[in-house]
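J.: Structure in structure tokens, see below.
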Amino acid sequence: MAAVTAVTAVPAAATVPTVGTVPGNAAPAAVRSDDGRSLWFFVRGRFAPPGAFVRPDAVTYNRELVPAGARITVSEFAAGRSTLVGMKVAGLRPGHTYGAHVHTKPCGAQPADSGPHYQDRKDPHQPSTDPAYANAANEVWLDFTTDGAGAGAALSRQHWRFRPGEARSVVIHEHRTATGPGEAGTAGDRLACFTVPFEQRREADGR
């Protein structure tokens, strides 16, 4: 429970040393602790269709379920061997249940560009649909149902840290994540993607 308490004790945005609020959909850099052992950040985006010349960090591939202009905020708090990932959305279809997961690559013009789900223990058989690997303890699942105004939120706590540089985005899917053999981890089409600066390095481990 210490990690959860630490998240609620994170200073308000006005007292956190902001590391570059950049224009447009680009993500601000992560806010890190001085000793390199813990990490906290949040990043906001606004969904837009993939552009011909400039790729937004928050991209929608289905404007019916994730309209252009819909908003997303993703946060991470990591300390010791625990990771807490939070997500809030607004402006989506009201009363709809979405799947959402952390993926291994940044968003691109095509839905598949974000790669597979991030897994703490990697399934040697890809795409992974084995419940022994494709589960909410080994991956980061952020399924949510929007309210009448199209807003939703999710929180996932893991007893491990991201491998630096291997978690790069959050993908929103068509429906709730399946858990059965042969379909575990699937959640329908990839509707939208948000490139997120998850843990990039771990100074305390010398990496």
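Ordering of the structure tokens sets the chain letters (A, B, ...), residue numbers begin anew at 1 in every chain, and ligands are numbered from 1 in the order given.
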Residues within 10 Å of region 131-145 of chain A, please, as a ChimeraX atom specification. Count only C-alpha atoms; anything in the same chain fewer than 5 positions from it doesn't count.

T.: /A:83-89,92-103,117-125,150-160,170-173,175-187

J.: Would you return as an NGL selection string the members of region 24-156 of chain A that DSSP assigns to strand (DSSP E or B) on this structure's backbone?

T.: :A and (31-32 or 38-46 or 48 or 58-60 or 71-79 or 82-90 or 97-103 or 117 or 141 or 144-145 or 152-156)

J.: Pick the closest to Arg37 (chain A) from A:Gly148, A:Asp57, A:Arg81, A:Pro197: which is it, counting only C-alpha atoms?

T.: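 Ranking A:Gly148, A:Asp57, A:Arg81, A:Pro197 by distance to Arg37 (chain A), first place goes to A:Arg81.
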
J.: Show me, as a ChimeraX atom specification, the residues that have an atom within 8 Å of region 165-168 of chain A when counting only C-alpha atoms, minus same-chain residues fewer than 3 positions from it.

T.: /A:102-106,114,118,162,195-201

J.: Can you measure CA of Cys193 (chain A) to CA of Ala112 (chain A) for me? One decimal in Å is fine.

T.: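 Distance between the two atoms: 10.0 Å.
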
J.: Can you list every residue in region 79-149 of chain A that DSSP puts in helix (DSSP H, G or I), as a ChimeraX atom specification?

T.: /A:111-114

J.: Excluding Pro49 (chain A) and residues on its chain fewer than 6 positions from it, collect all residues at most 7 Å away from it, counting only C-alpha atoms, and give them as a VMD selection string.

T.: chain A and resid 59 to 61 68

J.: Please produce an output containing C-alpha atoms for each residue in the selection, written as a PDB file, in the first residue's frame.

T.:
```
ATOM      1  CA  VAL A  59      -3.907   9.649 -32.929  1.00  0.00           C
ATOM      2  CA  THR A  60      -7.414   8.338 -33.599  1.00  0.00           C
ATOM      3  CA  TYR A  61      -8.063   5.670 -36.208  1.00  0.00           C
ATOM      4  CA  ALA A  68     -10.979  14.097 -33.025  1.00  0.00           C
TER       5      ALA A  68
END
```

J.: Using only C-alpha atoms, which residue out of A:Pro127, A:Pro56, A:Pro164, A:Pro50 lies closest to Phe194 (chain A)?

T.: A:Pro56

J.: I'd like to know which of A:Phe41, A:Gly91, A:Ser75, A:Arg190 is closest to Pro116 (chain A), using only C-alpha atoms.

T.: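 With only C-alpha atoms as the atom set, the closest residue is A:Arg190.
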
J.: Between CA of Val43 (chain A) and CA of Asp189 (chain A), what distance in Å does the model show, to one decimal?

T.: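 Distance reported for this atom pair: 24.2 Å.
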
J.: Rounded to one decimal, what separation in Å do you get between CA of Cys107 (chain A) and CA of Ala192 (chain A)?

T.: 8.8 Å
